[in-house]
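Note sheet for the following structure.
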Amino acid sequence: QAWDGVPSDSLETNRTFNPTGMYVDEAGNVKYYDNETDNYQQDHYQLHFSHLLNPNMVINAAAHYTYGRGYYEQYKEDQKLKDYELSPVSMGDTLISRSDLIRRKYLKNHYYGTTASLNYDNRSNLKTNLGGSFHIYDGLHFGEVIWARYAGNSEVNHRYYENTGFKVDYNYYMKINYSPLERLHLFADLQMRHIIYEFEGPAFVNEELKILDQTSYFNFFNPKGGFIFEINPMQKVYTYVGVGNREPVRDDFTESSPESRPGREKMINYEAGYQFASSGARASLNFYFMDYYDQLVLTGEINDVGGYTRTNTPRSYRAGIEMEAGFIITPKIQWNGNLSLSRNKIKEFTEYSDVYDANYDWTGSEANTYKNTNISFSPSIIAASQFVFAPIKQLQIELMSKYVGRQYIDNTSNKDRSLNPYFLNDIKLGYNFSLPFAKSIEISVLINNILDEEYISNGWIYKAKVENQSDFLVMDDGYFPQAGRNFLAGIKFRF
């Protein structure tokens, strides 16, 4: 596994370095645990039903069940025994309260539910859809210590926490598509969504056990609507307004209490655009403004149960323009491209940073307020281009390019905590032919990152301050360098 990424001090010398599973044995030798693995399996079962009531009306229904189970295994150094419900170990006059150990964190869950809809189409100017769904998630989460250098009072596969998560999620909706005029199309979507979250038992929060029994309820109304107007057979304009509500995720609940838990996130999305399409060209232009209320973001603050959780920042937004185009330059050359320009801002953001004394013992946190900062991992420029060249009927050559602008790792807009922009180019070759035993055979070769660009697509950072020092220190970080030049080949048979 490579959960932790590559530390920044290794990026220049060893971009493939993986510290996951690294530890120092009692003799001072650096070693790697060889079973630092993630093991998970899901079994999916689905049943679908559809019945035509009359030429204008059809009913659809489905039932589903998913059984998931698995665990991930980790070697952890110098862990507090009390955090694993283990007693200190006496060795002569020494009381040992810490130990290296190997732990497994397990998940077993059942996810099941049903969906149903009634669809009506008058074959003229009206389509309606009435439906809903009901889903239940029932999960068991637990952890076991399978080995410890100083085992204390543990048994084989010592279980140090166990908790359950139960979620009921149901909704009902109505969709209408109505054309009062031949070239004017109206649409609306009204949805009610209800959620019940229940958690019972202790959870491992910020490397400590906490009791987090709690129940939460959410009720959302998510309306959407807009229109499409066809100027002529080749051109159309449209507009759209939609409201979306999103509940906090599991970690927001298990690593908080009812007092510190974040609330729902609400977003109102406004869009308007223009589309053009002809036999030799197409183009589209889309303007959007996503207005967030109480967006969920990480601030670095430690809540009342000791966890680093997300909180609701009152106001933020994403605004931009999206452009797409495609042209047949010659009968053998085609070009497609897109460009996205955006501003992604948090209007006011308070970040909390840990503070340590000279011995690096934690003493508290420090708050810093920022205004009009960039939302993390939201590049303001994304562009892509594709040239397709077919010199002969059986051969196709594609040149694909992509540019991604600067991304900030946190919400402070600090360039030192950002990912550099990158520009990638790929080439794909495809050749088709037939043989007596096959209708067609396609051989393809894909060369990714042909310029061997060294780029990073993701990362994380933990920064803190030491008392009486003004600058932040990077205490820990991890980056995820992507592959340089690489190749992929395939062959496809059609009979």
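Simple scheme: letters A, B, ... for chains in structure tokens order, numbers from 1 for residues in each chain, numbers from 1 for ligands in the order shown.
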So which bits of region 1-229 of chain A end up helix (DSSP H, G or I) when you DSSP the backbone, as a PyMOL selection string?
chain A and resi 8-10+81-84
I'd like the neighbourhood of region 158-165 of chain A as a list in words, where a residue qualifies if any of its atoms comes within 9 Å (using only C-alpha atoms), though same-chain residues fewer than 5 positions away should be ignored.
Asp83, Tyr84, Glu85, Leu86, Asn109, Tyr137, Asp138, Gly139, Leu140, His141, Phe142, Gly143, Glu144, Val145, Ile146, Trp147, Tyr197, Glu198, Phe199, Glu200, Gly201, Pro202, Ala203, Phe204, Leu209, Leu212, Asp213 and Arg250 of chain A
Nearest candidate to Ser50 (chain A) (options A:Gly131, A:Leu118, A:Ser444, A:Lys402; using only C-alpha atoms):
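Nearest candidate to Ser50 (chain A) out of A:Gly131, A:Leu118, A:Ser444, A:Lys402: A:Leu118.
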When you look at Tyr111 (chain A) with a cut-off of 10 Å (counting only C-alpha atoms), what residues show up, excluding the ones that are within fewer than 2 positions of it in the same chain? I need them as JSON, numbers by chain.
{"A": [44, 64, 65, 66, 67, 68, 109, 113, 135, 136, 137, 138, 139, 166, 167]}
What would the file look like if the residues just selected were written as an mmCIF file, in the first residue's frame with N, CA and C atoms?
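Printed below is part_24.cif as written:
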data_model
loop_
_atom_site.group_PDB
_atom_site.id
_atom_site.type_symbol
_atom_site.label_atom_id
_atom_site.label_comp_id
_atom_site.auth_asym_id
_atom_site.auth_seq_id
_atom_site.Cartn_x
_atom_site.Cartn_y
_atom_site.Cartn_z
ATOM 1 N N HIS A 44 -22.388 -8.137 -4.987
ATOM 2 C CA HIS A 44 -23.545 -7.341 -5.393
ATOM 3 C C HIS A 44 -24.642 -8.248 -5.947
ATOM 4 N N HIS A 64 -31.855 -4.230 -4.382
ATOM 5 C CA HIS A 64 -30.417 -4.479 -4.399
ATOM 6 C C HIS A 64 -29.932 -4.874 -3.016
ATOM 7 N N TYR A 65 -28.842 -5.630 -2.998
ATOM 8 C CA TYR A 65 -28.189 -6.007 -1.738
ATOM 9 C C TYR A 65 -26.689 -6.121 -1.997
ATOM 10 N N THR A 66 -25.905 -5.509 -1.137
ATOM 11 C CA THR A 66 -24.445 -5.580 -1.231
ATOM 12 C C THR A 66 -23.887 -6.001 0.116
ATOM 13 N N TYR A 67 -23.054 -7.030 0.089
ATOM 14 C CA TYR A 67 -22.371 -7.487 1.302
ATOM 15 C C TYR A 67 -20.896 -7.142 1.165
ATOM 16 N N GLY A 68 -20.405 -6.338 2.085
ATOM 17 C CA GLY A 68 -19.007 -5.933 2.053
ATOM 18 C C GLY A 68 -18.290 -6.344 3.316
ATOM 19 N N ASN A 109 -20.285 -4.872 6.372
ATOM 20 C CA ASN A 109 -21.502 -4.089 6.196
ATOM 21 C C ASN A 109 -22.485 -4.754 5.252
ATOM 22 N N GLY A 113 -31.744 -2.158 -0.350
ATOM 23 C CA GLY A 113 -32.814 -1.199 -0.554
ATOM 24 C C GLY A 113 -33.584 -1.463 -1.825
ATOM 25 N N HIS A 135 -33.095 3.060 1.209
ATOM 26 C CA HIS A 135 -31.833 2.338 1.348
ATOM 27 C C HIS A 135 -31.429 2.280 2.817
ATOM 28 N N ILE A 136 -30.814 1.165 3.201
ATOM 29 C CA ILE A 136 -30.317 0.978 4.564
ATOM 30 C C ILE A 136 -28.869 0.515 4.502
ATOM 31 N N TYR A 137 -28.039 1.165 5.289
ATOM 32 C CA TYR A 137 -26.654 0.734 5.488
ATOM 33 C C TYR A 137 -26.519 0.281 6.933
ATOM 34 N N ASP A 138 -26.020 -0.939 7.130
ATOM 35 C CA ASP A 138 -25.842 -1.513 8.464
ATOM 36 C C ASP A 138 -24.410 -2.019 8.555
ATOM 37 N N GLY A 139 -23.560 -1.291 9.270
ATOM 38 C CA GLY A 139 -22.140 -1.618 9.280
ATOM 39 C C GLY A 139 -21.598 -1.878 10.668
ATOM 40 N N PHE A 166 -25.437 2.790 11.489
ATOM 41 C CA PHE A 166 -26.710 2.441 10.858
ATOM 42 C C PHE A 166 -27.261 3.691 10.190
ATOM 43 N N LYS A 167 -27.539 3.597 8.891
ATOM 44 C CA LYS A 167 -28.025 4.752 8.140
ATOM 45 C C LYS A 167 -29.242 4.368 7.320
#
Residue nearest Ile382 (chain A) among A:Ile328, A:Val58, A:Leu399, A:Met323 (counting only C-alpha atoms)
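Of all the options, A:Met323 lies closest to Ile382 (chain A).
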Tell me which protein, DNA and RNA residues are within 8 Å of Leu395 (chain A), counting only C-alpha atoms, leaving out same-chain ones fewer than 6 positions away, and put them as a list in words.
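My reading of the contact set: Leu429, Gly430, Tyr431 and Asn432 of chain A.
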Based on the selection just made, write N, CA and C atoms of those residues as a PDB file, in the first residue's frame.
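Output below, filename result_37.pdb:
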ATOM      1  N   LEU A 429      -2.352   4.862 -30.653  1.00  0.00           N
ATOM      2  CA  LEU A 429      -2.373   4.304 -32.002  1.00  0.00           C
ATOM      3  C   LEU A 429      -3.370   3.156 -32.035  1.00  0.00           C
ATOM      4  N   GLY A 430      -4.229   3.157 -33.037  1.00  0.00           N
ATOM      5  CA  GLY A 430      -5.199   2.084 -33.189  1.00  0.00           C
ATOM      6  C   GLY A 430      -5.241   1.588 -34.619  1.00  0.00           C
ATOM      7  N   TYR A 431      -5.199   0.276 -34.787  1.00  0.00           N
ATOM      8  CA  TYR A 431      -5.219  -0.313 -36.134  1.00  0.00           C
ATOM      9  C   TYR A 431      -6.264  -1.425 -36.170  1.00  0.00           C
ATOM     10  N   ASN A 432      -7.158  -1.365 -37.175  1.00  0.00           N
ATOM     11  CA  ASN A 432      -8.233  -2.348 -37.326  1.00  0.00           C
ATOM     12  C   ASN A 432      -8.027  -3.168 -38.587  1.00  0.00           C
TER      13      ASN A 432
END
At a cut-off of 12 Å, can you tabulate as JSON lines every residue of region 467-491 of chain A near region 411-419 of chain A together with its closest atom pair and the distance in Å to one decimal, using only C-alpha atoms and ordering rows by chain then number?
{"residue": "A:Phe472", "atom": "CA", "partner": "A:Asp416", "partner_atom": "CA", "distance": 11.0}
{"residue": "A:Leu473", "atom": "CA", "partner": "A:Asp416", "partner_atom": "CA", "distance": 11.6}
{"residue": "A:Val474", "atom": "CA", "partner": "A:Arg417", "partner_atom": "CA", "distance": 9.8}
{"residue": "A:Asp477", "atom": "CA", "partner": "A:Arg417", "partner_atom": "CA", "distance": 10.1}
{"residue": "A:Gly478", "atom": "CA", "partner": "A:Arg417", "partner_atom": "CA", "distance": 11.4}
{"residue": "A:Tyr479", "atom": "CA", "partner": "A:Leu419", "partner_atom": "CA", "distance": 9.1}
{"residue": "A:Phe480", "atom": "CA", "partner": "A:Leu419", "partner_atom": "CA", "distance": 10.3}
{"residue": "A:Pro481", "atom": "CA", "partner": "A:Leu419", "partner_atom": "CA", "distance": 10.5}
Resulting file, chosen residues, N, CA and C atoms, as a PDB file, in the first residue's frame:
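Saved to again.pdb:
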ATOM      1  N   PHE A 472       5.530  28.664  10.557  1.00  0.00           N
ATOM      2  CA  PHE A 472       5.023  27.303  10.646  1.00  0.00           C
ATOM      3  C   PHE A 472       6.142  26.315  10.337  1.00  0.00           C
ATOM      4  N   LEU A 473       6.059  25.154  10.943  1.00  0.00           N
ATOM      5  CA  LEU A 473       6.949  24.049  10.620  1.00  0.00           C
ATOM      6  C   LEU A 473       6.120  22.930  10.017  1.00  0.00           C
ATOM      7  N   VAL A 474       6.640  22.326   8.959  1.00  0.00           N
ATOM      8  CA  VAL A 474       5.980  21.156   8.384  1.00  0.00           C
ATOM      9  C   VAL A 474       6.394  19.947   9.213  1.00  0.00           C
ATOM     10  N   ASP A 477       4.279  15.323   5.992  1.00  0.00           N
ATOM     11  CA  ASP A 477       3.579  15.545   4.736  1.00  0.00           C
ATOM     12  C   ASP A 477       3.711  14.323   3.842  1.00  0.00           C
ATOM     13  N   GLY A 478       2.950  14.315   2.781  1.00  0.00           N
ATOM     14  CA  GLY A 478       3.003  13.227   1.818  1.00  0.00           C
ATOM     15  C   GLY A 478       2.478  13.694   0.476  1.00  0.00           C
ATOM     16  N   TYR A 479       3.181  13.331  -0.589  1.00  0.00           N
ATOM     17  CA  TYR A 479       2.784  13.704  -1.944  1.00  0.00           C
ATOM     18  C   TYR A 479       2.698  12.446  -2.800  1.00  0.00           C
ATOM     19  N   PHE A 480       1.910  12.538  -3.862  1.00  0.00           N
ATOM     20  CA  PHE A 480       1.655  11.368  -4.691  1.00  0.00           C
ATOM     21  C   PHE A 480       2.125  11.627  -6.126  1.00  0.00           C
ATOM     22  N   PRO A 481       3.435  11.427  -6.380  1.00  0.00           N
ATOM     23  CA  PRO A 481       3.954  11.580  -7.746  1.00  0.00           C
ATOM     24  C   PRO A 481       3.314  10.546  -8.672  1.00  0.00           C
TER      25      PRO A 481
END
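CA of Gln469 (chain A) lies 10.0 Å from CA of Val355 (chain A).
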Between region 446-473 of chain A and region 362-365 of chain A, at 10 Å or less, what are the per-residue closest atom pairs and their distances in Å? Count only C-alpha atoms, order by chain and rising residue number, and return it as CSV.
residue,atom,partner,partner_atom,distance
A:Ala464,CA,A:Ser365,CA,8.7
A:Lys465,CA,A:Ser365,CA,8.7
A:Val466,CA,A:Trp362,CA,9.2
A:Glu467,CA,A:Thr363,CA,8.8
Keeping only N, CA and C atoms, write those residues as a short mmCIF file (atom, residue, chain, number, x, y, z; two decimals), in the first residue's frame.
data_model
loop_
_atom_site.label_atom_id
_atom_site.label_comp_id
_atom_site.auth_asym_id
_atom_site.auth_seq_id
_atom_site.Cartn_x
_atom_site.Cartn_y
_atom_site.Cartn_z
N ALA A 464 2.55 22.86 11.98
CA ALA A 464 2.33 23.30 13.35
C ALA A 464 3.31 24.42 13.67
N LYS A 465 3.19 24.95 14.88
CA LYS A 465 4.10 25.99 15.35
C LYS A 465 4.77 25.55 16.64
N VAL A 466 5.99 26.03 16.82
CA VAL A 466 6.70 25.84 18.08
C VAL A 466 6.65 27.17 18.83
N GLU A 467 6.40 27.09 20.12
CA GLU A 467 6.28 28.30 20.93
C GLU A 467 7.47 29.24 20.73
#
Can you tell me how far CA of Leu52 (chain A) sits from CA of Leu181 (chain A), in Å to one decimal?
28.2 Å
Using backbone DSSP assignments, extract all strand (DSSP E) residues from region 152-335 of chain A; output them as a ChimeraX atom specification.
/A:158-181,184-200,202-205,208-211,214-232,235-246,265-277,281-302,308-330,333-335
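The residue set within 8 Å of region 286-297 of chain A, counting only C-alpha atoms and dropping same-chain residues fewer than 6 places from it, reads Pro248, Pro262, Gly263, Arg264, Glu265, Lys266, Met267, Ile268, Asn269, Tyr270, Glu271, Ala272, Gly273, Tyr274, Arg310, Thr311, Asn312, Thr313, Pro314, Arg315, Ser316, Tyr317, Arg318, Ala319, Gly320, Ile321, Glu322 and Met323 of chain A.
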I need the chosen residues saved as a compact mmCIF listing (two decimals), in the first residue's frame, with C-alpha atoms.
# COMPACT_ATOMS: atom_id res chain seq x y z
CA PRO A 248 -21.71 15.14 6.71
CA PRO A 262 -20.81 19.86 11.68
CA GLY A 263 -24.16 20.38 10.01
CA ARG A 264 -25.38 19.95 6.48
CA GLU A 265 -23.87 21.66 3.45
CA LYS A 266 -26.14 23.56 1.05
CA MET A 267 -25.37 24.68 -2.48
CA ILE A 268 -27.44 26.67 -4.99
CA ASN A 269 -26.22 26.13 -8.54
CA TYR A 270 -26.98 28.63 -11.31
CA GLU A 271 -26.11 27.77 -14.91
CA ALA A 272 -26.74 29.27 -18.33
CA GLY A 273 -25.30 28.31 -21.66
CA TYR A 274 -25.27 28.14 -25.42
CA ARG A 310 -14.51 19.34 9.13
CA THR A 311 -16.55 22.36 10.11
CA ASN A 312 -19.06 24.54 8.29
CA THR A 313 -17.64 27.70 6.79
CA PRO A 314 -20.54 30.15 6.34
CA ARG A 315 -20.05 31.34 2.75
CA SER A 316 -18.02 30.18 -0.24
CA TYR A 317 -18.52 29.89 -3.96
CA ARG A 318 -17.34 28.42 -7.24
CA ALA A 319 -17.85 30.50 -10.38
CA GLY A 320 -16.59 29.93 -13.87
CA ILE A 321 -17.00 29.33 -17.54
CA GLU A 322 -16.72 26.02 -19.41
CA MET A 323 -16.03 25.89 -23.14
In terms of the shortest atom-to-atom distance over only C-alpha atoms, which of A:Val249, A:Ile392, A:Ala281, A:Leu81 is closest to Gln235 (chain A)?
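Result for the nearest residue to Gln235 (chain A): A:Ala281.
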Report, in Å to a single decimal, how far apart CA of Ser216 (chain A) and CA of Thr115 (chain A) are.
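Rounded to one decimal, the two atoms are 23.6 Å apart.
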All residues 8 Å or closer to Gln482 (chain A), only C-alpha atoms, same chain fewer than 3 positions away omitted, as a PDB file with C-alpha atoms, in the first residue's frame:
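Output file selection-v4.pdb follows:
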ATOM      1  CA  GLU A 454       7.387  14.762 -13.390  1.00  0.00           C
ATOM      2  CA  TYR A 455       4.151  15.863 -11.772  1.00  0.00           C
ATOM      3  CA  ILE A 456       2.179  15.416  -8.572  1.00  0.00           C
ATOM      4  CA  SER A 457      -1.598  15.063  -8.558  1.00  0.00           C
TER       5      SER A 457
END
For region 372-374 of chain A: contacts at 8 Å, only C-alpha atoms, fewer than 6 positions along chain excluded, given as a list in words:
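In the requested form, the answer reads Arg343, Asn344, Lys345, Ile346, Lys347, Glu348, Phe349, Tyr408, Asn411, Thr412 and Ser413 of chain A.
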Measuring between only C-alpha atoms, which one of A:Ser401, A:Thr94, A:Asn368, A:Asn125 shows the shortest distance to Ile176 (chain A)?
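The closest residue to Ile176 (chain A) is A:Asn125.
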Using only C-alpha atoms for the distances, tell me which of A:Gln214, A:Thr13, A:Val237, A:Gln191 is nearest to Phe253 (chain A).
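Comparing A:Gln214, A:Thr13, A:Val237, A:Gln191 against Phe253 (chain A), the winner is A:Gln214.
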